[in-house]
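Undergrad: Dropping in target-v7.txt, with compact mmCIF, C-alpha atoms and all ligand atoms.
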# COMPACT_ATOMS: atom_id res chain seq x y z
CA MET A 1 116.76 88.34 86.35
CA LYS A 2 115.66 84.77 86.87
CA LYS A 3 116.12 83.04 90.25
CA LEU A 4 117.42 79.50 89.63
CA GLU A 5 118.24 76.64 91.98
CA MET A 6 119.45 77.12 95.54
CA LEU A 7 123.20 76.82 95.77
CA TYR A 8 123.67 76.93 99.50
CA GLU A 9 121.66 77.32 102.69
CA GLY A 10 123.45 78.92 105.62
CA LYS A 11 122.20 79.57 109.14
CA ALA A 12 120.69 82.96 108.30
CA LYS A 13 120.57 83.14 104.49
CA LYS A 14 119.99 81.13 101.36
CA VAL A 15 121.98 81.73 98.19
CA TYR A 16 120.50 81.12 94.72
CA LYS A 17 122.00 80.96 91.26
CA THR A 18 120.58 83.24 88.61
CA ASP A 19 120.52 83.14 84.82
CA ASN A 20 123.51 85.50 84.91
CA GLU A 21 126.57 83.46 85.86
CA ASP A 22 128.21 86.47 87.56
CA LEU A 23 125.28 87.15 89.89
CA TYR A 24 123.64 85.41 92.85
CA ILE A 25 120.51 86.16 94.87
CA VAL A 26 120.70 86.09 98.68
CA ASP A 27 117.51 85.47 100.62
CA TYR A 28 117.51 86.44 104.31
CA LYS A 29 115.75 84.16 106.85
CA ASP A 30 114.32 84.89 110.30
CA ASP A 31 116.26 81.91 111.71
CA ALA A 32 118.74 82.76 114.42
CA THR A 33 121.49 80.59 115.84
CA ALA A 34 124.24 81.13 118.36
CA PHE A 35 127.22 79.19 119.69
CA ASN A 36 127.84 77.49 116.36
CA GLY A 37 124.24 76.42 115.98
CA ALA A 38 123.83 74.99 119.50
CA LYS A 39 121.16 77.59 120.29
CA LYS A 40 118.38 77.99 117.76
CA GLY A 41 115.44 80.34 117.46
CA THR A 42 113.52 82.74 115.31
CA ILE A 43 113.69 86.51 115.37
CA SER A 44 110.49 87.61 113.69
CA GLY A 45 111.12 90.09 110.88
CA LYS A 46 114.91 89.83 111.23
CA GLY A 47 115.44 88.74 107.62
CA VAL A 48 113.74 91.86 106.32
CA ILE A 49 115.70 94.20 108.59
CA ASN A 50 119.04 92.49 107.97
CA ASN A 51 118.51 92.57 104.20
CA LYS A 52 117.50 96.23 104.10
CA MET A 53 120.08 97.32 106.66
CA THR A 54 122.94 95.51 104.93
CA ASN A 55 122.01 97.18 101.66
CA LEU A 56 121.73 100.62 103.22
CA VAL A 57 125.10 100.22 104.94
CA PHE A 58 126.80 98.72 101.86
CA LYS A 59 125.50 101.64 99.77
CA TYR A 60 127.00 104.08 102.29
CA LEU A 61 130.33 102.20 102.26
CA ASN A 62 130.28 102.10 98.46
CA GLU A 63 129.80 105.87 98.34
CA ASN A 64 132.85 106.14 100.59
CA GLY A 65 135.21 104.07 98.48
CA ILE A 66 134.60 100.50 99.67
CA ASN A 67 133.75 98.04 96.89
CA THR A 68 130.98 95.62 97.97
CA HIS A 69 129.07 92.74 96.37
CA LEU A 70 125.78 94.69 96.41
CA VAL A 71 124.03 95.00 93.05
CA GLU A 72 120.35 95.64 93.75
CA GLU A 73 117.67 95.02 96.39
CA LEU A 74 115.02 92.83 94.77
CA SER A 75 112.46 92.49 97.56
CA GLU A 76 112.14 92.78 101.33
CA ARG A 77 114.28 89.68 101.84
CA GLU A 78 116.14 89.24 98.55
CA THR A 79 119.15 91.02 97.09
CA LEU A 80 121.08 90.57 93.89
CA VAL A 81 124.82 90.36 94.57
CA LYS A 82 128.01 89.80 92.62
CA LYS A 83 129.17 86.20 92.61
CA VAL A 84 132.26 85.89 94.78
CA GLU A 85 134.35 83.10 96.20
CA ILE A 86 134.18 83.76 99.92
CA VAL A 87 137.55 83.88 101.66
CA PRO A 88 136.82 81.51 104.58
CA LEU A 89 137.68 84.06 107.26
CA GLU A 90 135.50 85.87 109.76
CA VAL A 91 137.16 89.28 109.82
CA ILE A 92 136.43 90.82 113.21
CA VAL A 93 137.13 94.37 114.38
CA ARG A 94 136.80 95.39 118.03
CA ASN A 95 136.68 98.92 119.42
CA ILE A 96 135.46 97.99 122.91
CA ALA A 97 136.08 94.71 124.73
CA ALA A 98 133.10 92.32 124.66
CA GLY A 99 132.08 88.76 123.90
CA SER A 100 134.75 86.17 123.20
CA PHE A 101 137.55 88.75 123.56
CA SER A 102 136.48 89.60 127.11
CA ALA A 103 136.14 85.92 127.96
CA LYS A 104 139.48 84.91 126.43
CA TYR A 105 141.65 87.73 127.78
CA GLY A 106 139.84 88.60 131.02
CA VAL A 107 139.16 92.18 129.94
CA PRO A 108 135.80 93.32 131.35
CA GLU A 109 133.07 93.93 128.79
CA GLY A 110 132.83 97.64 128.02
CA THR A 111 136.55 98.39 128.43
CA GLU A 112 137.73 100.89 125.78
CA LEU A 113 140.57 99.45 123.71
CA LYS A 114 143.64 101.62 123.04
CA ASN A 115 143.48 100.73 119.35
CA PRO A 116 140.97 98.90 117.19
CA ILE A 117 141.75 95.18 117.07
CA VAL A 118 141.58 93.27 113.79
CA GLU A 119 141.38 89.51 114.24
CA PHE A 120 140.52 86.53 112.09
CA SER A 121 138.63 83.31 112.65
CA TYR A 122 138.83 80.43 110.23
CA LYS A 123 135.28 79.88 108.93
CA ASN A 124 134.89 76.17 109.58
CA ASP A 125 131.87 74.93 111.55
CA ALA A 126 133.41 71.49 112.15
CA LEU A 127 136.35 73.17 113.88
CA ASN A 128 134.15 75.74 115.65
CA ASP A 129 135.59 78.73 113.74
CA PRO A 130 138.98 78.84 115.52
CA MET A 131 140.90 82.10 115.81
CA ILE A 132 143.77 82.15 113.30
CA ASN A 133 146.75 84.45 112.78
CA ASN A 134 148.26 85.93 109.61
CA SER A 135 151.08 83.43 109.17
CA GLN A 136 148.71 80.50 109.81
CA ILE A 137 146.31 81.88 107.18
CA GLU A 138 149.18 82.11 104.70
CA ALA A 139 150.70 78.76 105.64
CA ILE A 140 147.58 76.72 104.95
CA GLY A 141 146.69 78.69 101.85
CA ILE A 142 143.49 80.42 103.00
CA ALA A 143 144.77 83.74 101.64
CA THR A 144 148.06 85.25 100.47
CA ALA A 145 150.04 87.81 102.46
CA GLU A 146 148.94 90.46 99.95
CA GLU A 147 145.27 89.50 100.36
CA ILE A 148 145.54 89.58 104.16
CA GLU A 149 147.13 93.04 103.93
CA GLU A 150 144.40 94.26 101.59
CA ILE A 151 141.61 92.87 103.80
CA THR A 152 143.20 94.38 106.93
CA GLU A 153 143.52 97.85 105.39
CA SER A 154 139.98 97.67 104.00
CA VAL A 155 138.36 96.55 107.23
CA LYS A 156 140.09 99.32 109.21
CA LYS A 157 138.58 101.85 106.79
CA VAL A 158 135.20 100.08 107.08
CA ASN A 159 135.47 100.38 110.86
CA GLU A 160 136.10 104.12 110.71
CA LEU A 161 133.19 104.65 108.33
CA LEU A 162 130.84 102.46 110.36
CA GLN A 163 131.77 104.10 113.66
CA LYS A 164 130.91 107.48 112.15
CA PHE A 165 127.68 106.14 110.60
CA PHE A 166 126.41 104.59 113.84
CA LEU A 167 127.45 107.55 116.03
CA GLU A 168 125.10 109.66 113.92
CA CYS A 169 122.38 107.27 115.16
CA ASN A 170 123.54 107.61 118.78
CA ILE A 171 124.92 104.08 118.61
CA ILE A 172 128.39 102.87 119.62
CA LEU A 173 129.93 100.25 117.32
CA VAL A 174 131.48 97.88 119.87
CA ASP A 175 132.65 95.24 117.37
CA PHE A 176 131.60 93.57 114.14
CA LYS A 177 132.32 90.73 111.76
CA VAL A 178 132.51 90.88 107.97
CA GLU A 179 133.53 88.55 105.19
CA TYR A 180 135.35 89.24 101.94
CA GLY A 181 135.09 87.51 98.59
CA ARG A 182 137.23 87.16 95.49
CA CYS A 183 135.82 88.09 92.11
CA LYS A 184 136.99 89.50 88.79
CA GLU A 185 137.33 92.94 90.44
CA GLY A 186 139.61 91.62 93.19
CA ILE A 187 138.71 91.25 96.87
CA ILE A 188 135.41 92.90 97.78
CA LEU A 189 133.25 93.19 100.87
CA ALA A 190 130.52 90.50 100.95
CA ASP A 191 128.05 88.85 103.35
CA GLU A 192 126.12 91.19 105.66
CA ILE A 193 126.35 94.01 108.19
CA SER A 194 123.41 93.82 110.59
CA PRO A 195 122.54 93.47 114.29
CA ASP A 196 123.40 89.76 113.78
CA THR A 197 126.99 90.61 112.94
CA CYS A 198 127.68 93.77 114.97
CA ARG A 199 127.55 94.68 118.64
CA LEU A 200 125.63 97.94 118.80
CA TRP A 201 125.08 99.80 122.09
CA ASP A 202 122.98 102.86 122.74
CA LYS A 203 125.51 105.66 123.25
CA ASP A 204 123.84 107.08 126.37
CA THR A 205 122.53 104.00 128.19
CA ARG A 206 124.82 101.32 126.65
CA GLU A 207 121.69 99.22 126.15
CA LYS A 208 122.40 96.31 123.78
CA LEU A 209 120.68 96.71 120.40
CA ASP A 210 121.94 93.54 118.71
CA LYS A 211 121.97 89.76 118.64
CA ASP A 212 123.48 89.54 122.14
CA ARG A 213 119.86 90.00 123.31
CA PHE A 214 119.15 86.61 121.68
CA ARG A 215 122.46 84.96 122.60
CA ARG A 216 122.07 85.94 126.27
CA ASP A 217 118.26 85.63 126.58
CA LEU A 218 117.85 89.32 127.44
CA GLY A 219 114.42 89.68 125.80
CA GLY A 220 113.34 92.53 123.54
CA VAL A 221 115.18 91.04 120.58
CA GLU A 222 112.76 92.17 117.84
CA ASP A 223 112.41 95.60 119.45
CA ALA A 224 116.18 96.06 119.36
CA TYR A 225 116.43 95.19 115.65
CA ASN A 226 113.50 97.51 114.89
CA GLU A 227 115.08 100.30 116.92
CA VAL A 228 118.37 100.06 114.98
CA TRP A 229 116.43 100.14 111.71
CA ARG A 230 114.39 103.16 112.89
CA ARG A 231 117.54 105.06 113.85
CA ILE A 232 119.50 104.36 110.69
CA THR A 233 116.58 105.33 108.46
CA SER A 234 116.08 108.61 110.32
CA ARG A 235 119.80 109.43 110.42
P1 LIG B 301 132.72 87.39 119.48
O1 LIG B 301 132.99 88.38 120.57
O2 LIG B 301 131.73 86.33 119.87
O3 LIG B 301 133.99 86.82 118.92
O4 LIG B 301 132.02 88.20 118.29
C1 LIG B 301 132.66 89.31 117.70
C2 LIG B 301 131.71 89.94 116.70
O5 LIG B 301 131.46 89.07 115.60
C3 LIG B 301 130.32 90.29 117.25
O6 LIG B 301 129.93 91.56 116.73
C4 LIG B 301 129.41 89.22 116.72
C5 LIG B 301 130.07 88.81 115.44
N1 LIG B 301 129.93 87.38 115.14
C6 LIG B 301 129.32 86.98 113.98
O7 LIG B 301 128.87 87.81 113.18
N2 LIG B 301 129.23 85.65 113.73
C7 LIG B 301 129.71 84.71 114.55
O8 LIG B 301 129.61 83.51 114.27
C8 LIG B 301 130.36 85.14 115.77
C9 LIG B 301 130.91 84.14 116.73
C10 LIG B 301 130.45 86.48 116.01
N1 LIG B 302 127.42 82.20 113.86
C1 LIG B 302 126.97 81.82 115.18
C2 LIG B 302 126.32 80.46 115.05
O1 LIG B 302 126.83 79.73 114.31
C3 LIG B 302 126.02 82.80 115.67
C4 LIG B 302 126.57 83.98 116.44
O2 LIG B 302 126.97 83.85 117.62
O3 LIG B 302 126.49 85.04 115.88
O4 LIG B 302 125.39 80.01 115.64
Translate the structure of the given file into structure tokens.
Ligand code: TMP
Ligand code: ASP

TA:
Amino acid sequence: MKKLEMLYEGKAKKVYKTDNEDLYIVDYKDDATAFNGAKKGTISGKGVINNKMTNLVFKYLNENGINTHLVEELSERETLVKKVEIVPLEVIVRNIAAGSFSAKYGVPEGTELKNPIVEFSYKNDALNDPMINNSQIEAIGIATAEEIEEITESVKKVNELLQKFFLECNIILVDFKVEYGRCKEGIILADEISPDTCRLWDKDTREKLDKDRFRRDLGGVEDAYNEVWRRITSR
């Protein structure tokens, strides 16, 4: 597989073309941003952990019936993935109130939710990724009603599988964000699942083991990422 020119550089990853038109290479960076890029920093070793963790988690999901873009890990930071057209939605699931949900609805962080929430944000930096509902998504042509239904059913299954996975590591899955992409096979899970994109709390102490340590200047950012990696590899 030959790595060709860079197609796109995001905040945390670069995407390259390859000599196979159906495959891309993603390359994970240590760069960290928050608040739509307003806060910038580096989390040393993050790219390696996020690459390896995403692949481990995607493999687990794959084995449990979720189709993902993962093809093959190429190196510590690089992975071969299926080429998809990303549906420009941040698909968020919440099990416990935190973050923007707590702020928006005045529900204290840590409150158990009576049912998992599925919500969407429109992936658009210029607009600050606004929250968007199903009929708005349909109305402006981001996705069809059938696609929204398929994504919603899939992400609920992903949530159940991930909750189980992390509980086996003594970690509570508070919430997470994923993205889906269209390809020849239909709509498949893409992007990443890592401490950048999940809220992960220690089950006993509720200590934060995710990017909130960076967002909120809590310190111990690298240690938290390493701890999650240690737990999921000894699960
Ligand atoms: P929020 O509470 O800030 O809306 O975040 C919900 C979840 O989505 C949380 O696990 C962090 C993740 N997330 C991302 O992966 N990327 C983002 O740009 C944002 C805002 C949140
Ligand atoms: N995606 C956010 C940013 O653009 C980061 C985050 O809060 O996860 O900076």

Undergrad: Using only C-alpha atoms and all ligand atoms, find each residue with an atom at most 9 Å away from ligand LIG 302 (chain B) and format the answer as a PyMOL selection string.

TA: chain A and resi 11-12+32-40+125+128-129+196-198+211-212+215

Undergrad: Please produce an output containing C-alpha atoms for each residue in the selection, written as a PDB file, keeping the file's coordinate frame.

TA:
ATOM      1  CA  LYS A  11     122.200  79.570 109.140  1.00  0.00           C
ATOM      2  CA  ALA A  12     120.690  82.960 108.300  1.00  0.00           C
ATOM      3  CA  ALA A  32     118.740  82.760 114.420  1.00  0.00           C
ATOM      4  CA  THR A  33     121.490  80.590 115.840  1.00  0.00           C
ATOM      5  CA  ALA A  34     124.240  81.130 118.360  1.00  0.00           C
ATOM      6  CA  PHE A  35     127.220  79.190 119.690  1.00  0.00           C
ATOM      7  CA  ASN A  36     127.840  77.490 116.360  1.00  0.00           C
ATOM      8  CA  GLY A  37     124.240  76.420 115.980  1.00  0.00           C
ATOM      9  CA  ALA A  38     123.830  74.990 119.500  1.00  0.00           C
ATOM     10  CA  LYS A  39     121.160  77.590 120.290  1.00  0.00           C
ATOM     11  CA  LYS A  40     118.380  77.990 117.760  1.00  0.00           C
ATOM     12  CA  ASP A 125     131.870  74.930 111.550  1.00  0.00           C
ATOM     13  CA  ASN A 128     134.150  75.740 115.650  1.00  0.00           C
ATOM     14  CA  ASP A 129     135.590  78.730 113.740  1.00  0.00           C
ATOM     15  CA  ASP A 196     123.400  89.760 113.780  1.00  0.00           C
ATOM     16  CA  THR A 197     126.990  90.610 112.940  1.00  0.00           C
ATOM     17  CA  CYS A 198     127.680  93.770 114.970  1.00  0.00           C
ATOM     18  CA  LYS A 211     121.970  89.760 118.640  1.00  0.00           C
ATOM     19  CA  ASP A 212     123.480  89.540 122.140  1.00  0.00           C
ATOM     20  CA  ARG A 215     122.460  84.960 122.600  1.00  0.00           C
TER      21      ARG A 215
END

Undergrad: Calculate how many Å separate CA of Arg231 (chain A) from CA of Phe166 (chain A), rounding to one decimal.

TA: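 CA of Arg231 (chain A) sits 8.9 Å away from CA of Phe166 (chain A).
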
Undergrad: Taking all atoms listed in the file into account, which of A:Thr42, A:Thr144, A:Ser194, A:Thr111 comes nearest ligand LIG 301 (chain B)?

TA: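 Residue with the minimum atom-to-atom distance to ligand LIG 301 (chain B): A:Ser194.
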
Undergrad: Please identify the residues whose atoms come within 9 Å of ligand LIG 301 (chain B), using all atoms listed in the file, and report them as a count of residues only.

TA: 38

Undergrad: CA of Lys83 (chain A) and CA of Leu162 (chain A) are how many Å apart?

TA: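 Interatomic distance here is 24.1 Å.
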
Undergrad: Between CA of Val107 (chain A) and CA of Val228 (chain A), what is the spacing in Å?

TA: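 Computed distance, CA of Val228 (chain A) to CA of Val107 (chain A), equals 26.8 Å.
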
Undergrad: Tell me which of A:Asp191, A:Glu207, A:Glu222, A:Asp202 sits closest to Ile86 (chain A), counting all atoms listed in the file.

TA: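 Using all atoms listed in the file, the shortest distance to Ile86 (chain A) belongs to A:Asp191.
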
Undergrad: Please supply region 201-212 of chain A, rebuilt with all heavy atoms, as a PDB file, in the coordinates of the input.

TA:
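Saved file out.pdb follows:
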ATOM      1  N   TRP A 201     125.598  99.356 120.780  1.00  0.00           N
ATOM      2  CA  TRP A 201     125.080  99.800 122.090  1.00  0.00           C
ATOM      3  C   TRP A 201     124.563 101.215 121.979  1.00  0.00           C
ATOM      4  O   TRP A 201     125.197 102.068 121.331  1.00  0.00           O
ATOM      5  CB  TRP A 201     126.199  99.764 123.143  1.00  0.00           C
ATOM      6  CG  TRP A 201     126.705  98.397 123.496  1.00  0.00           C
ATOM      7  CD1 TRP A 201     126.242  97.186 123.070  1.00  0.00           C
ATOM      8  CD2 TRP A 201     127.820  98.114 124.369  1.00  0.00           C
ATOM      9  NE1 TRP A 201     126.986  96.160 123.621  1.00  0.00           N
ATOM     10  CE2 TRP A 201     127.964  96.701 124.419  1.00  0.00           C
ATOM     11  CE3 TRP A 201     128.702  98.905 125.116  1.00  0.00           C
ATOM     12  CZ2 TRP A 201     128.954  96.073 125.185  1.00  0.00           C
ATOM     13  CZ3 TRP A 201     129.688  98.283 125.869  1.00  0.00           C
ATOM     14  CH2 TRP A 201     129.800  96.882 125.914  1.00  0.00           C
ATOM     15  N   ASP A 202     123.454 101.483 122.652  1.00  0.00           N
ATOM     16  CA  ASP A 202     122.980 102.860 122.740  1.00  0.00           C
ATOM     17  C   ASP A 202     124.094 103.701 123.388  1.00  0.00           C
ATOM     18  O   ASP A 202     124.670 103.303 124.402  1.00  0.00           O
ATOM     19  CB  ASP A 202     121.699 102.941 123.575  1.00  0.00           C
ATOM     20  CG  ASP A 202     121.214 104.373 123.683  1.00  0.00           C
ATOM     21  OD1 ASP A 202     120.494 104.820 122.785  1.00  0.00           O
ATOM     22  OD2 ASP A 202     121.592 105.052 124.669  1.00  0.00           O
ATOM     23  N   LYS A 203     124.363 104.855 122.798  1.00  0.00           N
ATOM     24  CA  LYS A 203     125.510 105.660 123.250  1.00  0.00           C
ATOM     25  C   LYS A 203     125.316 106.172 124.683  1.00  0.00           C
ATOM     26  O   LYS A 203     126.268 106.251 125.454  1.00  0.00           O
ATOM     27  CB  LYS A 203     125.705 106.840 122.300  1.00  0.00           C
ATOM     28  CG  LYS A 203     126.903 107.705 122.605  1.00  0.00           C
ATOM     29  CD  LYS A 203     127.191 108.647 121.455  1.00  0.00           C
ATOM     30  CE  LYS A 203     128.300 109.613 121.774  1.00  0.00           C
ATOM     31  NZ  LYS A 203     127.863 110.680 122.690  1.00  0.00           N
ATOM     32  N   ASP A 204     124.081 106.494 125.052  1.00  0.00           N
ATOM     33  CA  ASP A 204     123.840 107.080 126.370  1.00  0.00           C
ATOM     34  C   ASP A 204     123.667 106.009 127.451  1.00  0.00           C
ATOM     35  O   ASP A 204     124.244 106.117 128.529  1.00  0.00           O
ATOM     36  CB  ASP A 204     122.603 107.978 126.329  1.00  0.00           C
ATOM     37  CG  ASP A 204     122.768 109.099 125.308  1.00  0.00           C
ATOM     38  OD1 ASP A 204     123.896 109.621 125.188  1.00  0.00           O
ATOM     39  OD2 ASP A 204     121.786 109.423 124.619  1.00  0.00           O
ATOM     40  N   THR A 205     122.868 104.985 127.146  1.00  0.00           N
ATOM     41  CA  THR A 205     122.530 104.000 128.190  1.00  0.00           C
ATOM     42  C   THR A 205     123.358 102.725 128.083  1.00  0.00           C
ATOM     43  O   THR A 205     123.349 101.895 128.986  1.00  0.00           O
ATOM     44  CB  THR A 205     121.047 103.594 128.063  1.00  0.00           C
ATOM     45  OG1 THR A 205     120.873 102.918 126.802  1.00  0.00           O
ATOM     46  CG2 THR A 205     120.125 104.806 128.101  1.00  0.00           C
ATOM     47  N   ARG A 206     124.062 102.551 126.950  1.00  0.00           N
ATOM     48  CA  ARG A 206     124.820 101.320 126.650  1.00  0.00           C
ATOM     49  C   ARG A 206     123.909 100.083 126.567  1.00  0.00           C
ATOM     50  O   ARG A 206     124.369  98.941 126.673  1.00  0.00           O
ATOM     51  CB  ARG A 206     125.959 101.099 127.643  1.00  0.00           C
ATOM     52  CG  ARG A 206     126.992 102.218 127.571  1.00  0.00           C
ATOM     53  CD  ARG A 206     128.355 101.749 128.026  1.00  0.00           C
ATOM     54  NE  ARG A 206     129.423 102.457 127.331  1.00  0.00           N
ATOM     55  CZ  ARG A 206     130.674 102.036 127.284  1.00  0.00           C
ATOM     56  NH1 ARG A 206     131.023 100.927 127.883  1.00  0.00           N
ATOM     57  NH2 ARG A 206     131.593 102.716 126.631  1.00  0.00           N
ATOM     58  N   GLU A 207     122.622 100.322 126.372  1.00  0.00           N
ATOM     59  CA  GLU A 207     121.690  99.220 126.150  1.00  0.00           C
ATOM     60  C   GLU A 207     122.086  98.461 124.886  1.00  0.00           C
ATOM     61  O   GLU A 207     122.452  99.066 123.879  1.00  0.00           O
ATOM     62  CB  GLU A 207     120.267  99.768 125.991  1.00  0.00           C
ATOM     63  CG  GLU A 207     119.211  98.691 125.892  1.00  0.00           C
ATOM     64  CD  GLU A 207     117.842  99.222 125.456  1.00  0.00           C
ATOM     65  OE1 GLU A 207     117.691 100.449 125.304  1.00  0.00           O
ATOM     66  OE2 GLU A 207     116.939  98.396 125.266  1.00  0.00           O
ATOM     67  N   LYS A 208     122.014  97.132 124.937  1.00  0.00           N
ATOM     68  CA  LYS A 208     122.400  96.310 123.780  1.00  0.00           C
ATOM     69  C   LYS A 208     121.280  96.306 122.739  1.00  0.00           C
ATOM     70  O   LYS A 208     120.130  96.004 123.058  1.00  0.00           O
ATOM     71  CB  LYS A 208     122.696  94.879 124.227  1.00  0.00           C
ATOM     72  CG  LYS A 208     123.900  94.773 125.148  1.00  0.00           C
ATOM     73  CD  LYS A 208     124.185  93.331 125.488  1.00  0.00           C
ATOM     74  CE  LYS A 208     125.099  93.150 126.699  1.00  0.00           C
ATOM     75  NZ  LYS A 208     126.079  94.168 126.968  1.00  0.00           N
ATOM     76  N   LEU A 209     121.658  96.626 121.486  1.00  0.00           N
ATOM     77  CA  LEU A 209     120.680  96.710 120.400  1.00  0.00           C
ATOM     78  C   LEU A 209     121.056  95.714 119.304  1.00  0.00           C
ATOM     79  O   LEU A 209     121.032  96.051 118.130  1.00  0.00           O
ATOM     80  CB  LEU A 209     120.639  98.137 119.837  1.00  0.00           C
ATOM     81  CG  LEU A 209     120.233  99.242 120.818  1.00  0.00           C
ATOM     82  CD1 LEU A 209     120.421 100.633 120.200  1.00  0.00           C
ATOM     83  CD2 LEU A 209     118.781  99.062 121.262  1.00  0.00           C
ATOM     84  N   ASP A 210     121.411  94.497 119.685  1.00  0.00           N
ATOM     85  CA  ASP A 210     121.940  93.540 118.710  1.00  0.00           C
ATOM     86  C   ASP A 210     121.651  92.112 119.142  1.00  0.00           C
ATOM     87  O   ASP A 210     120.957  91.887 120.127  1.00  0.00           O
ATOM     88  CB  ASP A 210     123.455  93.768 118.551  1.00  0.00           C
ATOM     89  CG  ASP A 210     124.151  93.622 119.893  1.00  0.00           C
ATOM     90  OD1 ASP A 210     124.156  92.504 120.444  1.00  0.00           O
ATOM     91  OD2 ASP A 210     124.646  94.635 120.441  1.00  0.00           O
ATOM     92  N   LYS A 211     122.266  91.180 118.434  1.00  0.00           N
ATOM     93  CA  LYS A 211     121.970  89.760 118.640  1.00  0.00           C
ATOM     94  C   LYS A 211     122.373  89.232 120.019  1.00  0.00           C
ATOM     95  O   LYS A 211     121.934  88.154 120.421  1.00  0.00           O
ATOM     96  CB  LYS A 211     122.672  88.948 117.536  1.00  0.00           C
ATOM     97  CG  LYS A 211     122.188  87.520 117.401  1.00  0.00           C
ATOM     98  CD  LYS A 211     122.888  86.846 116.235  1.00  0.00           C
ATOM     99  CE  LYS A 211     122.710  85.358 116.252  1.00  0.00           C
ATOM    100  NZ  LYS A 211     123.588  84.731 115.231  1.00  0.00           N
ATOM    101  N   ASP A 212     123.181  89.967 120.771  1.00  0.00           N
ATOM    102  CA  ASP A 212     123.480  89.540 122.140  1.00  0.00           C
ATOM    103  C   ASP A 212     122.192  89.387 122.958  1.00  0.00           C
ATOM    104  O   ASP A 212     122.143  88.602 123.906  1.00  0.00           O
ATOM    105  CB  ASP A 212     124.445  90.500 122.840  1.00  0.00           C
ATOM    106  CG  ASP A 212     125.908  90.110 122.625  1.00  0.00           C
ATOM    107  OD1 ASP A 212     126.167  88.988 122.141  1.00  0.00           O
ATOM    108  OD2 ASP A 212     126.796  90.928 122.950  1.00  0.00           O
TER     109      ASP A 212
END
